[in-house]
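Okay, structure first, notes after.
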There are 2 protein chains.
Amino acid sequence: MATLDTLNLNLKDLSFINDIKSMAVVGTSKKRNFFFLRNHAENFKGKLYAVNPVIKEIPGFDKNFIYPSLKDIPGEVDFVFIAVPPSKILEVMDDCVEKGVKLATVFTAEFSDSGKEEGVELEKELLRRAKNKVRMLGPNGLGLYYPKSGIAWRSHFPAKSGNISFIAQSGGICNLVIYGADVLGMNLSKVFSFGNGTDIDLVDIFYFMINDPETNIILCYLEGIKSERGEALRKVFKFNNRNNKKPIIIVRGGQTKTGSIAAKTHTASISGENHIWRAIFKQYNIIEVNSIEQLLATAYLIEYYGLFELNNLAVLSSSGGYGVILTDLIEKAGMNVPPFSPNIQKQITSNFFTLGTSPKNPLDVSAQVFSSKSVYKILDLALADEKIDGLIVDMPSFYFNNDHSYRISFDPSYEDHMIEALTLGHKHHKPLISIIKRIHCPEDRDRLFKKSKERKVPVFEDPIEFISLLPKISQYTRKKKLIEKL
Amino acid sequence: MATLDTLNLNLKDLSFINDIKSMAVVGTSKKRNFFFLRNHAENFKGKLYAVNPVIKEIPGFDKNFIYPSLKDIPGEVDFVFIAVPPSKILEVMDDCVEKGVKLATVFTAEFSDSGKEEGVELEKELLRRAKNKVRMLGPNGLGLYYPKSGIAWRSHFPAKSGNISFIAQSGGICNLVIYGADVLGMNLSKVFSFGNGTDIDLVDIFYFMINDPETNIILCYLEGIKSERGEALRKVFKFNNRNNKKPIIIVRGGQTKTGSIAAKTHTASISGENHIWRAIFKQYNIIEVNSIEQLLATAYLIEYYGLFELNNLAVLSSSGGYGVILTDLIEKAGMNVPPFSPNIQKQITSNFFTLGTSPKNPLDVSAQVFSSKSVYKILDLALADEKIDGLIVDMPSFYFNNDHSYRISFDPSYEDHMIEALTLGHKHHKPLISIIKRIHCPEDRDRLFKKSKERKVPVFEDPIEFISLLPKISQYTRKKKLIEKL
């Protein structure tokens with residue numbers, strides 16, 4: 001098995017995280033309505049303790065698990081979430097060392113992030129006091145979301161775990177990814193908000209995730225990196241790429257002058273030069289996207305269909321004009337909408353029976369969209385064409401409204417048949433991506449979206465959300481295959 | 001008043017459309033469950049007749065308004081919607097002429113659109129039989145949606161009328177625009193689906209809309225134009241631009257090779273060369289966008305805020321990282337996110353009271369987002385800055401959930417206060433655009449969206465939906481001002 005010189009690169013071993021069994025929230029307070037304690041209490045599967053020197057009772061929390069200090073807890077404590085004022089932080093870290101805590105999230109801010117000399121000094125001292133015994137996330141970070149063990153800094157963080165992981169410095173953007181992934185039907189393995197990155201930093205987490213058996217896709221919002229860690233990051237990326245480990249998808253903040261200044265304000269790190277980052281991403285086959293929405297959409301497509309290479313797409317729409325626009329968007333993005341193979345074309349044509357339709361690629365089913373049976377057959381044939389790598393379906397939601405009053409005729413099984421047709425991508429092992437927008441009936445769209453999610457059919461609202469991502473995923477897959485052949 | 005040589009350009013007078021008071025659906029049939037009759041019956045404000053040679057009764061329709069032929073109707077008939085087979089069409093057109101019908105939509109297809117010689121001939125004959133007395137939309141078109149008089153070919157087409165008009169050849173794309181505009185809180189004046197454009201064509205409709213007192217914004221999906229009408233279209237665009245009439249926003253289908261072939265299949269017209277269209281659009285200050293979604297979004301922004309010129313934007317987000325990404329997207333699109341003026345910066349800073357925030361542009365309110373009072377003040381100050389032309393607000397919907405369990409504290413008036421804050425764009429006459437996506441709670445998002453719509457606050461889900469449109473609107477406005485100064 002390929003390995004990396006972890007010692008020389010100063011890469012920390014974080015593999016113990018997968019076995020966290022106990023935790024404490026230190027500094028939980030009435031002022032915040034016991035926010036972090038309540039949130040962790042939602043789903044934490046092991047023993048959860050509250051630590052506060054004065055509080056004896058917390059509504060809804062077993063008072064036998066409240067202790068004045070970490071040292072007073074009888075059992076082991078693998079993980080602590082610390083939200084004490086900066087003046088108390090060193091003392092708490094001493095207790096962590098003494099108690100044998102493995103991982104500490106320091107939520108407390110006003111260290112180097114304050115921009116003040118005393119904050120920088122306190123942060124250095126904090127690191128020293130951790131004695132390389134306690135691994136620390138933060139300060140100024142929200143630490144770890146890990147649904148397998150139920151570690152979650154915010155309420156309603158999903159309890160179900162999956163294989164997608166995310167890294168960012170700040171917690172706010174993690175919240176967006178965690179809630180957003182859930183909406184899209186993706187389950188997360190781990191999310192790290194490493195804050196100032198004083199002990200555990202971006203490079204450590206990347207290396208951990210690359211080797212983590214619970215992670216298949218790595219997502220990251222990156223604002224920059226301390227210059228002394230640049231070489232280590234490059235080596236970690238190289239290790240991932242050479243050994244064909246996992247897709248890494250990154251959105252980078254601070255690409256423009258003002259963005260870069262804002263990123264610096266935000267996390268006190270240097271965004272660096274665009275061309276350097278672009279060269280690194282290209283060299284190590286990293287997918288770069290432009291927004292959090294695109295980051296999620298890319299993961300969504302890979303999660304639902306695995307890696308894919310799309311060159312030739314079929315298009316089906318219920319409006320000829322919309323099909324023309326989609327074709328333009330696809331071809332402008334560098335993919336093709338080619339004619340079907342003659343035998344497939346013949347069979348598809350025989351399934352068209354209504355005026356005003358077009359059986360060629362892009363397929364315009366027009367009013368024939370009301371026949372779920374024929375739509376199913378047409379999609380099945382189009383995907384069976386060996387020339388075709390994938391399919392985009394445009395399906396206005398008003399055809400699905402509950403009372404069917406938008407339709408010419410009533411057909412109670414229409415909706416389920418159409419959802420069935422949309423799963424044909426899985427039958428053919430080719431991505432089928434649907435666009436269900438134009439919501440005259442938002443409730444119907446929501447219902448369809450949920451049903452599609454259960455069947456692992458990706459649904460977008462606007463082609464601009466995903467068209468540009470398809471060539472990026474294809475290019476990644478192509479390069480990955482090349483490396484496999486080496 | 002400026003005029004155009006309508007006679008030499010063969011531009012038809014369509015101004016009578018605004019006074020349609022009676023209509024008939026010719027060829028309504030049980031087979032389609034009286035689809036077009038039922039739909040028009042929903043809202044038509046004048047007298048509505050059904051014409052069918054054999055049918056005597058139609059469920060839910062006054063049988064005294066059913067006639068075997070147009071000629072049998074006692075009163076006047078301004079408008080007819082014709083859905084008879086091609087074999088009957090000439091006879092019906094003769095009746096229209098005899099009856100003094102002003103406008104006829106011919107929904108019937110299989111004319112030149114069939115690609116067959118007999119269809120081409122029948123279409124020519126149909127035009128001759130209209131005798132330049134009956135103005136015709138179609139054949140192969142859905143004709144007219146005109147909420148003021150209640151003309152509507154589809155069910156649930158909104159009854160409320162506004163000042164945005166749309167032109168397209170085919171009806172399918174009109175449906176998307178009509179339902180979609182409604183979702184975005186935009187009311188339409190008129191929509192034309194002119195089909196084969198045998199009599200009334202694209203140029204006639206553009207000229208009509210430019211002069212129509214009920215139309216302020218003109219939208220169009222354009223697949224091409226018959227070469228002999230190119231010069232007329234150019235002159236109509238020139239007339240609009242020189243006289244500073246109305247913004248025209250166009251999405252053009254058939255820009256790529258396959259798209260162009262598909263457009264030809266779809267409407268039998270020539271898409272033409274991209275560079276020619278681009279030159280025309282540039283010369284006559286026409287806003288070109290890339291999708292129906294962008295067409296609607298552009299109209300949405302102009303409808304809510306009027307024309308605007310955005311160079312310097314303020315950004316407010318509840319996640320520092322998201323603010324950095326937004327800033328990058330804005331600056332990459334050619335706009336700026338500049339520092340606030342010193343006096344405004346001072347006042348804004350004094351309104352920040354929470355750690356982990358940033359009072360500079362882009363504003364990162366972080367957890368302070370929970371204080372609607374301070375968010376209101378900050379937005380008000382940012383918009384008061386004379387350096388700032390507009391503002392983008394990122395507002396994750398999970399802060400608004402009904403039971404407030406995502407929040408640290410309960411605040412029943414939070415939602416209404418925040419919506420109030422989002423209306424500050426109107427107070428300052430500067431666009432405030434909000435992004436409310438990341439829907440852990442789709443119901444909450446829907447509720448917020450509706451409340452924002454009532455207050456004319458545009459809400460998007462993803463910055464990619466609108467960022468690229470802002471410079472297009474700004475450029476249009478800038479050029480328009482230049483012409484005004486001439």
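Simple scheme: letters A, B, ... for chains in structure tokens order, numbers from 1 for residues in each chain, numbers from 1 for ligands in the order shown.
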Would you give me, as JSON lines, each residue of chain B having an atom within 7 Å of an atom of chain A, along with its shortest atom pair and that distance in Å to one decimal, using only C-alpha atoms and sorting by chain and residue number?
```
{"residue": "B:Arg32", "atom": "CA", "partner": "A:Ile408", "partner_atom": "CA", "distance": 6.5}
{"residue": "B:Asn33", "atom": "CA", "partner": "A:Ile408", "partner_atom": "CA", "distance": 6.9}
{"residue": "B:Phe35", "atom": "CA", "partner": "A:Ile408", "partner_atom": "CA", "distance": 6.3}
{"residue": "B:Ser155", "atom": "CA", "partner": "A:Tyr406", "partner_atom": "CA", "distance": 5.7}
{"residue": "B:Gly172", "atom": "CA", "partner": "A:Ser319", "partner_atom": "CA", "distance": 4.7}
{"residue": "B:Ile173", "atom": "CA", "partner": "A:Ser319", "partner_atom": "CA", "distance": 5.8}
{"residue": "B:Leu176", "atom": "CA", "partner": "A:Arg438", "partner_atom": "CA", "distance": 6.3}
{"residue": "B:Tyr179", "atom": "CA", "partner": "A:His440", "partner_atom": "CA", "distance": 5.4}
{"residue": "B:Gly180", "atom": "CA", "partner": "A:Arg438", "partner_atom": "CA", "distance": 5.1}
{"residue": "B:Val183", "atom": "CA", "partner": "A:His440", "partner_atom": "CA", "distance": 5.9}
{"residue": "B:Gly253", "atom": "CA", "partner": "A:Ile325", "partner_atom": "CA", "distance": 5.2}
{"residue": "B:Gly254", "atom": "CA", "partner": "A:Val324", "partner_atom": "CA", "distance": 6.2}
{"residue": "B:Gln255", "atom": "CA", "partner": "A:Asp328", "partner_atom": "CA", "distance": 6.0}
{"residue": "B:Thr256", "atom": "CA", "partner": "A:Asp328", "partner_atom": "CA", "distance": 5.4}
{"residue": "B:Thr258", "atom": "CA", "partner": "A:Val337", "partner_atom": "CA", "distance": 6.7}
{"residue": "B:Gly259", "atom": "CA", "partner": "A:Val324", "partner_atom": "CA", "distance": 5.1}
{"residue": "B:Ala262", "atom": "CA", "partner": "A:Val324", "partner_atom": "CA", "distance": 6.0}
{"residue": "B:Ala263", "atom": "CA", "partner": "A:Val324", "partner_atom": "CA", "distance": 6.0}
{"residue": "B:His266", "atom": "CA", "partner": "A:Gly320", "partner_atom": "CA", "distance": 6.1}
{"residue": "B:Ser291", "atom": "CA", "partner": "A:Ile325", "partner_atom": "CA", "distance": 6.4}
{"residue": "B:Glu293", "atom": "CA", "partner": "A:Asp462", "partner_atom": "CA", "distance": 6.9}
{"residue": "B:Ser319", "atom": "CA", "partner": "A:Gly172", "partner_atom": "CA", "distance": 4.7}
{"residue": "B:Gly320", "atom": "CA", "partner": "A:His266", "partner_atom": "CA", "distance": 6.1}
{"residue": "B:Gly321", "atom": "CA", "partner": "A:Ile173", "partner_atom": "CA", "distance": 6.0}
{"residue": "B:Tyr322", "atom": "CA", "partner": "A:Ile173", "partner_atom": "CA", "distance": 6.4}
{"residue": "B:Val324", "atom": "CA", "partner": "A:Gly259", "partner_atom": "CA", "distance": 5.1}
{"residue": "B:Ile325", "atom": "CA", "partner": "A:Gly253", "partner_atom": "CA", "distance": 5.2}
{"residue": "B:Thr327", "atom": "CA", "partner": "A:Gly259", "partner_atom": "CA", "distance": 5.3}
{"residue": "B:Asp328", "atom": "CA", "partner": "A:Gly259", "partner_atom": "CA", "distance": 5.2}
{"residue": "B:Glu331", "atom": "CA", "partner": "A:Thr256", "partner_atom": "CA", "distance": 6.6}
{"residue": "B:Val337", "atom": "CA", "partner": "A:Thr258", "partner_atom": "CA", "distance": 6.7}
{"residue": "B:Pro362", "atom": "CA", "partner": "A:Ala262", "partner_atom": "CA", "distance": 6.8}
{"residue": "B:Tyr406", "atom": "CA", "partner": "A:Ser155", "partner_atom": "CA", "distance": 5.7}
{"residue": "B:Ile408", "atom": "CA", "partner": "A:Phe35", "partner_atom": "CA", "distance": 6.4}
{"residue": "B:Arg438", "atom": "CA", "partner": "A:Gly180", "partner_atom": "CA", "distance": 5.1}
{"residue": "B:Ile439", "atom": "CA", "partner": "A:Gly180", "partner_atom": "CA", "distance": 6.5}
{"residue": "B:His440", "atom": "CA", "partner": "A:Tyr179", "partner_atom": "CA", "distance": 5.4}
{"residue": "B:Asp462", "atom": "CA", "partner": "A:Glu293", "partner_atom": "CA", "distance": 6.8}
```
Keeping only N, CA, C and O atoms, write those residues as a short mmCIF file (atom, residue, chain, number, x, y, z; two decimals), in the first residue's frame.
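File written: out.cif
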```cif
data_model
loop_
_atom_site.label_atom_id
_atom_site.label_comp_id
_atom_site.auth_asym_id
_atom_site.auth_seq_id
_atom_site.Cartn_x
_atom_site.Cartn_y
_atom_site.Cartn_z
N ARG B 32 -60.95 16.08 -26.93
CA ARG B 32 -60.00 16.82 -26.08
C ARG B 32 -60.66 17.28 -24.78
O ARG B 32 -60.13 18.13 -24.08
N ASN B 33 -61.85 16.74 -24.49
CA ASN B 33 -62.59 17.14 -23.28
C ASN B 33 -62.83 18.65 -23.29
O ASN B 33 -62.76 19.30 -22.26
N PHE B 35 -61.05 21.04 -24.16
CA PHE B 35 -59.89 21.66 -23.50
C PHE B 35 -59.82 23.17 -23.72
O PHE B 35 -59.78 23.95 -22.76
N SER B 155 -55.39 26.12 -18.90
CA SER B 155 -56.03 26.32 -17.61
C SER B 155 -55.05 26.93 -16.61
O SER B 155 -53.84 26.77 -16.74
N GLY B 172 -45.45 25.85 -26.33
CA GLY B 172 -44.88 25.15 -25.17
C GLY B 172 -44.03 26.07 -24.33
O GLY B 172 -44.13 26.09 -23.09
N ILE B 173 -43.22 26.87 -25.00
CA ILE B 173 -42.33 27.76 -24.26
C ILE B 173 -43.12 28.92 -23.65
O ILE B 173 -42.74 29.45 -22.60
N LEU B 176 -44.33 27.86 -20.23
CA LEU B 176 -43.29 27.98 -19.21
C LEU B 176 -43.17 29.42 -18.73
O LEU B 176 -43.00 29.68 -17.54
N TYR B 179 -46.63 30.46 -16.70
CA TYR B 179 -46.67 29.91 -15.34
C TYR B 179 -45.49 30.43 -14.50
O TYR B 179 -45.65 30.73 -13.33
N GLY B 180 -44.34 30.53 -15.14
CA GLY B 180 -43.13 30.97 -14.42
C GLY B 180 -43.22 32.41 -13.96
O GLY B 180 -42.84 32.75 -12.84
N VAL B 183 -45.25 32.67 -10.84
CA VAL B 183 -44.51 32.25 -9.64
C VAL B 183 -43.64 33.39 -9.13
O VAL B 183 -43.51 33.61 -7.92
N GLY B 253 -32.68 30.73 -29.68
CA GLY B 253 -32.43 29.30 -29.81
C GLY B 253 -31.78 28.99 -31.15
O GLY B 253 -32.07 29.67 -32.14
N GLY B 254 -30.93 27.99 -31.18
CA GLY B 254 -30.31 27.60 -32.44
C GLY B 254 -28.95 28.23 -32.64
O GLY B 254 -28.54 28.48 -33.77
N GLN B 255 -28.24 28.49 -31.54
CA GLN B 255 -26.93 29.14 -31.66
C GLN B 255 -25.83 28.16 -32.02
O GLN B 255 -24.78 28.55 -32.50
N THR B 256 -26.04 26.88 -31.72
CA THR B 256 -25.03 25.88 -32.06
C THR B 256 -25.53 25.09 -33.27
O THR B 256 -26.69 25.21 -33.67
N THR B 258 -26.17 21.84 -33.75
CA THR B 258 -27.30 20.94 -33.48
C THR B 258 -28.53 21.72 -33.04
O THR B 258 -29.65 21.41 -33.43
N GLY B 259 -28.30 22.77 -32.25
CA GLY B 259 -29.42 23.60 -31.81
C GLY B 259 -30.11 24.22 -33.01
O GLY B 259 -31.35 24.30 -33.06
N ALA B 262 -32.16 21.62 -34.77
CA ALA B 262 -33.35 21.34 -33.97
C ALA B 262 -34.37 22.46 -34.11
O ALA B 262 -35.57 22.22 -34.22
N ALA B 263 -33.89 23.70 -34.14
CA ALA B 263 -34.80 24.84 -34.28
C ALA B 263 -35.51 24.75 -35.63
O ALA B 263 -36.70 25.05 -35.74
N HIS B 266 -38.12 22.28 -35.59
CA HIS B 266 -39.18 22.73 -34.71
C HIS B 266 -40.07 23.78 -35.35
O HIS B 266 -41.28 23.77 -35.20
N SER B 291 -31.14 31.65 -21.48
CA SER B 291 -32.14 30.63 -21.16
C SER B 291 -33.46 31.30 -20.79
O SER B 291 -33.50 32.52 -20.53
N GLU B 293 -35.01 30.76 -18.10
CA GLU B 293 -34.87 31.15 -16.70
C GLU B 293 -34.25 32.54 -16.58
O GLU B 293 -34.69 33.36 -15.78
N SER B 319 -22.61 34.12 6.62
CA SER B 319 -21.43 33.24 6.65
C SER B 319 -20.32 33.98 5.94
O SER B 319 -20.47 34.39 4.77
N GLY B 320 -19.20 34.18 6.66
CA GLY B 320 -18.09 34.92 6.07
C GLY B 320 -17.64 34.30 4.75
O GLY B 320 -17.40 34.99 3.78
N GLY B 321 -17.60 32.97 4.74
CA GLY B 321 -17.15 32.27 3.53
C GLY B 321 -18.08 32.52 2.36
O GLY B 321 -17.65 32.76 1.23
N TYR B 322 -19.37 32.45 2.63
CA TYR B 322 -20.34 32.67 1.55
C TYR B 322 -20.21 34.10 1.02
O TYR B 322 -20.33 34.33 -0.19
N VAL B 324 -17.46 35.84 0.93
CA VAL B 324 -16.24 35.88 0.10
C VAL B 324 -16.55 35.33 -1.30
O VAL B 324 -16.17 35.92 -2.32
N ILE B 325 -17.27 34.22 -1.36
CA ILE B 325 -17.61 33.63 -2.66
C ILE B 325 -18.48 34.60 -3.47
O ILE B 325 -18.25 34.81 -4.66
N THR B 327 -18.57 37.80 -3.26
CA THR B 327 -17.72 38.91 -3.70
C THR B 327 -16.91 38.50 -4.93
O THR B 327 -16.82 39.26 -5.90
N ASP B 328 -16.37 37.30 -4.90
CA ASP B 328 -15.62 36.81 -6.07
C ASP B 328 -16.52 36.77 -7.29
O ASP B 328 -16.12 37.20 -8.39
N GLU B 331 -17.25 40.38 -8.53
CA GLU B 331 -16.10 41.06 -9.16
C GLU B 331 -15.70 40.38 -10.47
O GLU B 331 -15.30 41.03 -11.42
N VAL B 337 -17.11 45.43 -5.20
CA VAL B 337 -17.59 45.40 -3.82
C VAL B 337 -16.64 46.30 -3.04
O VAL B 337 -15.71 45.83 -2.39
N PRO B 362 -17.41 42.91 1.96
CA PRO B 362 -18.69 42.28 2.26
C PRO B 362 -18.95 42.15 3.76
O PRO B 362 -18.06 41.74 4.51
N TYR B 406 -34.02 25.93 15.12
CA TYR B 406 -32.68 26.08 14.55
C TYR B 406 -31.93 27.25 15.18
O TYR B 406 -30.77 27.46 14.91
N ILE B 408 -30.90 30.09 18.39
CA ILE B 408 -30.51 30.07 19.79
C ILE B 408 -31.69 30.51 20.65
O ILE B 408 -31.97 29.94 21.68
N ARG B 438 -30.71 27.08 0.27
CA ARG B 438 -30.27 26.16 1.30
C ARG B 438 -31.45 25.78 2.19
O ARG B 438 -31.52 26.06 3.38
N ILE B 439 -32.39 25.09 1.58
CA ILE B 439 -33.68 24.86 2.19
C ILE B 439 -33.72 23.58 2.99
O ILE B 439 -34.13 22.54 2.51
N HIS B 440 -33.31 23.70 4.24
CA HIS B 440 -33.58 22.56 5.09
C HIS B 440 -35.08 22.49 5.31
O HIS B 440 -35.64 21.45 5.58
N ASP B 462 -29.88 30.86 -5.87
CA ASP B 462 -28.48 30.59 -6.20
C ASP B 462 -27.94 31.84 -6.91
O ASP B 462 -28.59 32.34 -7.83
#
```
Compile the contact shell of Ser149 of chain A as a PyMOL selection string: residues with an atom at most 9 Å away, counting only C-alpha atoms, same-chain residues fewer than 6 positions apart removed.
chain A and resi 18-21+43-46+159
Got time to write the residues from that selection, C-alpha atoms, as a PDB file, in the first residue's frame?
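Generated output (result_28.pdb):
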```pdb
ATOM      1  CA  ASN A  18     -13.770   7.125  13.972  1.00  0.00           C
ATOM      2  CA  ASP A  19     -13.856   5.594  17.463  1.00  0.00           C
ATOM      3  CA  ILE A  20     -15.019   8.488  19.610  1.00  0.00           C
ATOM      4  CA  LYS A  21     -17.303   7.077  22.299  1.00  0.00           C
ATOM      5  CA  ASN A  43     -27.979  12.376  18.508  1.00  0.00           C
ATOM      6  CA  PHE A  44     -24.768  11.629  20.419  1.00  0.00           C
ATOM      7  CA  LYS A  45     -24.545   7.868  20.779  1.00  0.00           C
ATOM      8  CA  GLY A  46     -22.019   7.540  23.616  1.00  0.00           C
ATOM      9  CA  ALA A 159     -28.466  11.743  12.087  1.00  0.00           C
TER      10      ALA A 159
END
```
Quote the spacing between atom CA of Pro74 of chain B and atom CA of Tyr49 of chain B in Å to one decimal place.
10.4 Å
Please identify the helix (DSSP H, G or I) residues within segment 111-360 of chain A (assignment by DSSP from backbone atoms) and present them as a PyMOL selection string.
chain A and resi 112-114+117-130+171-183+202-211+227-242+257-267+274-283+292-305+320-332+342-350
Please, could you write that set of residues out with C-alpha atoms as a short mmCIF file (atom, residue, chain, number, x, y, z; two decimals), in the first residue's frame?
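So again.cif came out as:
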```cif
data_model
loop_
_atom_site.label_atom_id
_atom_site.label_comp_id
_atom_site.auth_asym_id
_atom_site.auth_seq_id
_atom_site.Cartn_x
_atom_site.Cartn_y
_atom_site.Cartn_z
CA SER A 112 -4.99 35.13 16.20
CA ASP A 113 -8.32 35.81 14.48
CA SER A 114 -8.64 39.01 16.54
CA GLU A 117 -0.78 40.52 19.51
CA GLU A 118 -2.16 39.15 22.80
CA GLY A 119 -4.52 36.89 20.85
CA VAL A 120 -1.65 35.52 18.76
CA GLU A 121 0.33 34.86 21.92
CA LEU A 122 -2.57 33.16 23.69
CA GLU A 123 -3.05 30.90 20.68
CA LYS A 124 0.60 29.87 20.75
CA GLU A 125 0.39 29.16 24.46
CA LEU A 126 -2.80 27.14 23.95
CA LEU A 127 -1.00 24.95 21.42
CA ARG A 128 1.91 24.44 23.81
CA ARG A 129 -0.45 23.49 26.63
CA ALA A 130 -2.08 20.83 24.41
CA GLY A 171 -18.58 26.95 10.63
CA GLY A 172 -21.12 29.14 8.85
CA ILE A 173 -20.35 27.62 5.48
CA CYS A 174 -20.40 24.14 7.02
CA ASN A 175 -23.98 24.76 8.15
CA LEU A 176 -24.96 25.55 4.56
CA VAL A 177 -23.32 22.38 3.29
CA ILE A 178 -24.77 20.16 6.03
CA TYR A 179 -28.34 21.38 5.68
CA GLY A 180 -28.01 21.61 1.89
CA ALA A 181 -26.62 18.08 1.45
CA ASP A 182 -29.56 16.76 3.42
CA VAL A 183 -32.03 18.51 1.10
CA LEU A 202 -6.36 21.77 6.26
CA VAL A 203 -3.51 19.45 5.25
CA ASP A 204 -3.99 17.10 8.18
CA ILE A 205 -7.69 16.80 7.44
CA PHE A 206 -7.16 16.22 3.74
CA TYR A 207 -4.69 13.46 4.50
CA PHE A 208 -7.03 11.91 7.04
CA MET A 209 -9.97 11.97 4.62
CA ILE A 210 -7.96 10.50 1.77
CA ASN A 211 -7.26 7.51 3.98
CA SER A 227 2.75 29.37 3.23
CA GLU A 228 4.81 26.89 5.27
CA ARG A 229 2.16 24.22 4.67
CA GLY A 230 1.98 24.66 0.88
CA GLU A 231 4.47 21.93 0.13
CA ALA A 232 2.71 19.45 2.43
CA LEU A 233 -0.64 20.15 0.79
CA ARG A 234 0.86 19.60 -2.63
CA LYS A 235 2.30 16.24 -1.51
CA VAL A 236 -0.99 15.16 -0.02
CA PHE A 237 -2.82 16.05 -3.25
CA LYS A 238 -0.14 14.19 -5.21
CA PHE A 239 -0.52 11.16 -2.99
CA ASN A 240 -4.28 11.17 -3.57
CA ASN A 241 -3.91 11.54 -7.31
CA ARG A 242 -1.07 9.04 -7.87
CA LYS A 257 -8.85 41.42 -5.05
CA THR A 258 -11.76 42.31 -2.78
CA GLY A 259 -12.62 38.65 -2.24
CA SER A 260 -9.06 38.02 -1.17
CA ILE A 261 -9.10 40.91 1.32
CA ALA A 262 -12.42 39.66 2.68
CA ALA A 263 -11.05 36.15 3.05
CA LYS A 264 -8.12 37.56 4.97
CA THR A 265 -10.46 39.48 7.29
CA HIS A 266 -12.41 36.34 7.73
CA THR A 267 -9.73 33.80 8.51
CA ASN A 274 -4.93 32.27 -8.74
CA HIS A 275 -2.51 30.81 -11.28
CA ILE A 276 -0.68 28.80 -8.62
CA TRP A 277 -3.89 27.26 -7.34
CA ARG A 278 -5.12 26.55 -10.84
CA ALA A 279 -1.86 24.80 -11.70
CA ILE A 280 -2.05 22.68 -8.54
CA PHE A 281 -5.66 21.71 -9.20
CA LYS A 282 -4.86 20.80 -12.79
CA GLN A 283 -1.78 18.80 -11.89
CA ILE A 292 -21.15 26.27 -2.64
CA GLU A 293 -24.19 25.45 -4.77
CA GLN A 294 -21.93 23.99 -7.47
CA LEU A 295 -19.91 22.11 -4.86
CA LEU A 296 -23.08 20.41 -3.64
CA ALA A 297 -24.39 19.83 -7.16
CA THR A 298 -21.17 18.13 -8.23
CA ALA A 299 -21.23 15.83 -5.22
CA TYR A 300 -24.93 15.17 -5.85
CA LEU A 301 -24.27 13.95 -9.40
CA ILE A 302 -21.32 11.77 -8.41
CA GLU A 303 -23.13 10.40 -5.38
CA TYR A 304 -26.16 9.40 -7.46
CA TYR A 305 -24.41 8.02 -10.55
CA GLY A 320 -39.46 22.19 -28.65
CA GLY A 321 -38.08 25.60 -27.85
CA TYR A 322 -36.82 24.55 -24.44
CA GLY A 323 -35.11 21.55 -26.07
CA VAL A 324 -33.37 23.85 -28.54
CA ILE A 325 -32.11 26.07 -25.70
CA LEU A 326 -30.89 23.02 -23.75
CA THR A 327 -29.07 21.76 -26.83
CA ASP A 328 -27.37 25.11 -27.27
CA LEU A 329 -26.31 25.15 -23.61
CA ILE A 330 -24.95 21.59 -23.83
CA GLU A 331 -23.02 22.15 -27.04
CA LYS A 332 -21.64 25.49 -25.84
CA PRO A 342 -30.21 4.39 -37.12
CA ASN A 343 -31.79 1.33 -35.47
CA ILE A 344 -32.55 3.25 -32.28
CA GLN A 345 -33.86 6.20 -34.26
CA LYS A 346 -36.22 3.88 -36.09
CA GLN A 347 -37.61 2.43 -32.86
CA ILE A 348 -37.91 5.83 -31.22
CA THR A 349 -39.77 7.21 -34.24
CA SER A 350 -42.26 4.36 -34.08
#
```
Please report, as a PyMOL selection string, each residue of segment 188-391 of chain B to which DSSP assigns strand (DSSP E or B) when run on this structure's backbone.
chain B and resi 188-193+217-222+248-252+287-289+312-317+336+358+363-364+390-391
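Across the structure, atom CA of Asp62 of chain A and atom CA of Pro158 of chain A are spaced 23.3 Å apart.
Near segment 469-486 of chain A, within 7 Å and counting only C-alpha atoms, sit Asn244, Asn285, Ile287, Thr298, Leu307, Phe308, Glu309, Leu310, Phe466 and Ile467 of chain A, not including residues fewer than 2 positions from it in the same chain.
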For Lys99 of chain B, which residue among B:Lys430, B:Lys387, B:Lys131, B:Lys71 is the nearest when counting only C-alpha atoms?
B:Lys71
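Interatomic distance, atom CA of Phe353 of chain A against atom CA of Tyr376 of chain A: 14.2 Å.
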Shell around Val375 of chain B at 8 Å using only C-alpha atoms, local window under 4 positions removed, as number ranges by chain:
B: 365, 368-369, 371, 379, 418, 421
I'd like the neighbourhood of Asp199 of chain B as a PyMOL selection string, where a residue qualifies if any of its atoms comes within 8 Å (using only C-alpha atoms), though same-chain residues fewer than 4 positions away should be ignored.
chain B and resi 127+135-138
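Residue nearest Asn10 of chain B, chosen from B:Ala83, B:Ile200, B:Ile167, B:Ala24 and counting only C-alpha atoms: B:Ile200.
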For Pro139 of chain B, please output as an NGL selection string all residues within 8 Å (counting only C-alpha atoms; exclusion window: fewer than 4 positions along the same chain).
:B and (105-109 or 111 or 123 or 194-198)
